[in-house]
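Here's the structure, in C-alpha cells; my notes come after.
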Amino acid sequence: MAARAATETRRNRGFPQASRPWDGLKAAMLAAREGDKPWCHERSFTAAYFAGDDVLRCAHEAYDAYRDENGLFAKGAYPSLAACERELIAGVLDLLHAPDDAGGSTTAGGTESILMAMKAARDWAREHRPAAGVPEVVVPKTAHAAFDKGAEWLGMRIVRMARSQGWRADVAGMAAAIGENTVMIAGSAPPYPYGETDPIGEIAQLAQAHDLWMHSDGCIGGMILPFMRALGDAVPPFDFAVPGVTSMSVDMHKFGYAHKGISLCLLRDKALERYHRTIFEGWPAGTYSTPTITGTRSGGGVASAWAVMTHLGEEGYLRIHEVQRGIRERLIAGIEAIEGLAVLGHPHALHVTFYADGFDIFAVEEGMAARGWRSIRMREPDSILLWLNMKHADSIDAYLADLAEVAADVRSGGLTAAQRGASNYAT
C-alpha cells in the first residue's frame, strides 16, 4: 500500500508509468529527430569528423562488434579487446615518436585524457617536486577548458596567460608565471581557438629547466600533424620527439575517425602510469584498479579506434589528409582574397579562424547562416571558426562565393547582426 502511494505521489514527475512497444517508440524518436541538424553536412563547418563512408562504416561496425563487452574486464574476459587496446596505444605511440618504454591508457575523451595527465602530474610532484601550497598548472591563453575543469576536481590551480603571442602561447609570460607551486606546464598542438600549434619545444625547455611535468595537448592535432608534415607542411615539433614532453592527449574520435568516444592519455615512460591509476583494496570484492576515471565502459570505442587505424594505416591517413589539406589551402586563399577578411595565424590542422577588419564579423556569420552555412562564433577577437572534413571537397567554392557577397553586403551597411557575442558551449 505504501509503495502504491509513493508511486502516485511521483506520477506527474516524468518517470514513465506504462510500458511502450519499441516499434512505436522508435517511430516517435525518429519523428522527433526530423528537426535536428545533421551531424555532418557539406554546408556545415561545425566540429564533425568525416573521412568517407567506408571509414564511417568501419568505425561503426567495429564498435557494434564490441559494444556490449565491458572494457573494465578486457584483460581477463576479452583478450581480443585487450589486444586491440595494446596495439592501438602502441601504434599511436610509434606515430608520435615515443621511446620504447612509453605507455598509455584509453579514455572516454580528450577531457578525461587531460584530467588523467593532470592527476599524474599532481601525484608525481608530491614525490619529486612538492608544492608549498595548491599545485599549479601554467597554461597558454588558448589551452582547453578541460584544464580548468581538472583543476576544480583535483584541488589544483590553473595559471592561464592573459594573452597570446602571435596566436601562439606566450612563452615568456609562462616562464614568468612559474613559481614554487608550479608542478605542470602545458601547450596545445594545436589549440582549439586558433589553428597554429604552440611552440611545444620552447615550453618543454621550460619544463626541463624547472623540473616540471610537461603536457602536449594533441587532442586535435595528434592524428593530423604527423601526416601534414609528411605531406610537406612546416609543422613545428610537438610530440615525444621533443625532449621534456612527459605526456600527450590524442583524441581518436576526432581525426583518428573512430566512433565517439575514445581518446588516449600517452606517457613518455609507462612507469608514470601509476601516478594516475586508482587502486583500492579495502572491500570484499578484491582489488579495484583502474587507470582512468571511468570503470565500466563499452569496448566499442577501443575496437572502433583500432579498426579504423588498421583499416587506413599510414597510407590511408595520408590520402585523406592530402585531400583535406587541399581543402584548407583553397579556403585560406579564398578568405584572404576577400576585402577586409583575414585568417588568424597559420593553421596547422583542419580548422581555420578568420576575422573582419573594420566591419562586423558576426553580421557576416548571420548572413552566411541565412544562406544555409553553419559555423562557430569565436571571440578575442570576434571571429568565425570553420572545421573541415571530406564533405567540404565539393562545397568550398560555393562557400567562398557566398562569403564574398555577404562580406560586401556587411561592409556597405546593408546587413547587421541581430545577435552579439559567442556562446557555443552553454548547455
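Residue numbering restarts at 1 for every chain of the C-alpha cells, chains are lettered A, B, ... in their displayed order, and ligands are numbered from 1 as they appear.
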
(request) Just the residues within 10 Å of range 339-346 of chain A, please, counting only C-alpha atoms, with nothing from its chain fewer than 4 positions along; format it as a count of residues only. (result) 31

(message) Residues within 10 Å of Ala369 in chain A, please, as a PyMOL selection string. Count only C-alpha atoms; anything in the same chain fewer than 6 positions from it doesn't count.
(response) chain A and resi 43-44+363+375

Report the closest atom pair, with its distance in Å rounded to one decimal, for each residue of range 79-114 of chain A that has an atom no farther than 12 Å from range 313-327 of chain A; count only C-alpha atoms, sort by chain and then rising residue number, and write it as a tab-separated table.
```
residue	atom	partner	partner_atom	distance
A:Leu88	CA	A:Gly313	CA	11.6
A:Gly91	CA	A:Gly313	CA	9.8
A:Val92	CA	A:Glu314	CA	11.0
A:Asp94	CA	A:Glu314	CA	11.5
A:Leu95	CA	A:Glu314	CA	9.1
```

(message) Rounded to one decimal, what separation in Å do you get between CA of Ser298 in chain A and CA of Tyr66 in chain A?
(response)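 If I compute the distance from CA of Ser298 in chain A to CA of Tyr66 in chain A, I get 7.3 Å.
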
(message) Taking the DSSP secondary structure from the backbone, can you list the residues of range 109-270 of chain A that are strand (DSSP E or B), as an NGL selection string?
(response) :A and (136-139 or 157-160 or 165 or 168 or 182-188 or 213-217 or 247-251 or 263-267)

(message) Using only C-alpha atoms for the distances, tell me which of A:Glu329, A:Asp382, A:Glu61, A:Asp402 is nearest to Asp233 in chain A.
(response) A:Glu329

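The coordinates place CA of Leu264 in chain A at 13.3 Å from CA of His276 in chain A.
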
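For the set A:Val245, A:Arg420, A:His97, A:Arg328, the residue with the smallest atom-to-atom gap to Asp397 in chain A is A:Arg328, counting only C-alpha atoms.
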
(request) Kindly give the distance, in Å, that separates CA of Ala117 in chain A and CA of Thr310 in chain A, rounded to a single decimal. (result)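 These atoms are spaced 26.4 Å apart.
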
(request) Kindly indicate which residue among A:His210, A:His351, A:Arg379, A:His311 lies nearest to Ala47 in chain A, using only C-alpha atoms for the distances. (result) A:His351

(request) Using only C-alpha atoms, determine which residues lie at most 10 Å from Pro236 in chain A, disregarding the query and same-chain residues fewer than 3 positions distant; provide the list as a PyMOL selection string. (result) chain A and resi 189+196-201+225+229+233+239+348

(request) Please give the complete set of residues from range 128-268 of chain A that DSSP, run on the backbone, assigns to helix (DSSP H, G or I), formatted as a PyMOL selection string. (result) chain A and resi 128+146-154+171-177+200-210+225-230

(request) Can you pull out every residue within 9 Å of Thr290 in chain A, counting only C-alpha atoms, but drop anything in the same chain fewer than 5 positions away, and send it as a list in words? (result)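 These residues fall inside the cut-off: Leu72, His276, Arg277, Thr278, Ile279 and Gly295 of chain A.
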
Only C-alpha atoms, please: the residues just picked out, written as a PDB file, in the first residue's frame.
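Final output, selection23.pdb:
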```pdb
ATOM      1  CA  LEU A  72      36.854  -2.839 -17.475  1.00  0.00           C
ATOM      2  CA  HIS A 276      47.137   8.467 -12.429  1.00  0.00           C
ATOM      3  CA  ARG A 277      45.975   4.951 -11.542  1.00  0.00           C
ATOM      4  CA  THR A 278      43.478   4.438  -8.722  1.00  0.00           C
ATOM      5  CA  ILE A 279      43.944   1.313  -6.585  1.00  0.00           C
ATOM      6  CA  GLY A 295      35.078   1.998 -14.542  1.00  0.00           C
TER       7      GLY A 295
END
```

(request) For Thr46 in chain A, work out the shell of residues within 8 Å, counting only C-alpha atoms and skipping chain neighbours fewer than 4 positions away, then give it as a ChimeraX atom specification. (result) /A:374-376,386-387

(message) Need the shell around Ala59 in chain A: protein/DNA/RNA residues with any atom at most 8 Å away, counting only C-alpha atoms. Skip same-chain ones fewer than 5 positions apart. Format as a PyMOL selection string?
(response) chain A and resi 257-259+304-305+307-308

Residue subset to file, keeping all heavy atoms, as a short mmCIF file (atom, residue, chain, number, x, y, z; two decimals), in the first residue's frame:
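Contents of the output file result_13.cif:
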```cif
data_model
loop_
_atom_site.label_atom_id
_atom_site.label_comp_id
_atom_site.auth_asym_id
_atom_site.auth_seq_id
_atom_site.Cartn_x
_atom_site.Cartn_y
_atom_site.Cartn_z
N TYR A 257 39.18 9.33 -36.57
CA TYR A 257 37.94 8.93 -37.26
C TYR A 257 37.26 7.72 -36.64
O TYR A 257 36.47 7.04 -37.30
CB TYR A 257 38.21 8.71 -38.76
CG TYR A 257 38.73 9.96 -39.40
CD1 TYR A 257 40.03 10.03 -39.88
CD2 TYR A 257 37.93 11.11 -39.48
CE1 TYR A 257 40.53 11.21 -40.44
CE2 TYR A 257 38.41 12.28 -40.04
CZ TYR A 257 39.71 12.33 -40.51
OH TYR A 257 40.19 13.50 -41.04
N ALA A 258 37.51 7.46 -35.36
CA ALA A 258 36.82 6.38 -34.66
C ALA A 258 35.45 6.85 -34.19
O ALA A 258 35.14 8.05 -34.16
CB ALA A 258 37.64 5.93 -33.45
N HIS A 259 34.64 5.90 -33.81
CA HIS A 259 33.34 6.17 -33.20
C HIS A 259 33.57 6.89 -31.87
O HIS A 259 34.49 6.58 -31.13
CB HIS A 259 32.64 4.82 -32.98
CG HIS A 259 31.20 4.90 -32.60
ND1 HIS A 259 30.76 5.42 -31.42
CD2 HIS A 259 30.08 4.48 -33.26
CE1 HIS A 259 29.44 5.34 -31.35
NE2 HIS A 259 29.01 4.78 -32.46
N SER A 304 36.66 0.27 -32.24
CA SER A 304 36.47 1.18 -33.37
C SER A 304 37.77 1.88 -33.73
O SER A 304 38.15 1.96 -34.90
CB SER A 304 35.39 2.20 -33.03
OG SER A 304 35.21 3.13 -34.07
N ALA A 305 38.46 2.41 -32.73
CA ALA A 305 39.72 3.12 -32.99
C ALA A 305 40.77 2.20 -33.57
O ALA A 305 41.49 2.56 -34.52
CB ALA A 305 40.22 3.77 -31.71
N ALA A 307 40.22 -0.57 -35.26
CA ALA A 307 39.81 -0.99 -36.61
C ALA A 307 40.08 0.10 -37.64
O ALA A 307 40.59 -0.18 -38.73
CB ALA A 307 38.34 -1.38 -36.60
N VAL A 308 39.74 1.35 -37.32
CA VAL A 308 39.96 2.44 -38.28
C VAL A 308 41.45 2.65 -38.50
O VAL A 308 41.91 2.82 -39.65
CB VAL A 308 39.28 3.74 -37.81
CG1 VAL A 308 39.66 4.90 -38.73
CG2 VAL A 308 37.77 3.57 -37.78
#
```

(message) Under the rule that only C-alpha atoms are counted, which of A:Lys75, A:Leu93, A:Asp211, A:Ala176 is the nearest residue to Pro130 in chain A?
(response) A:Asp211
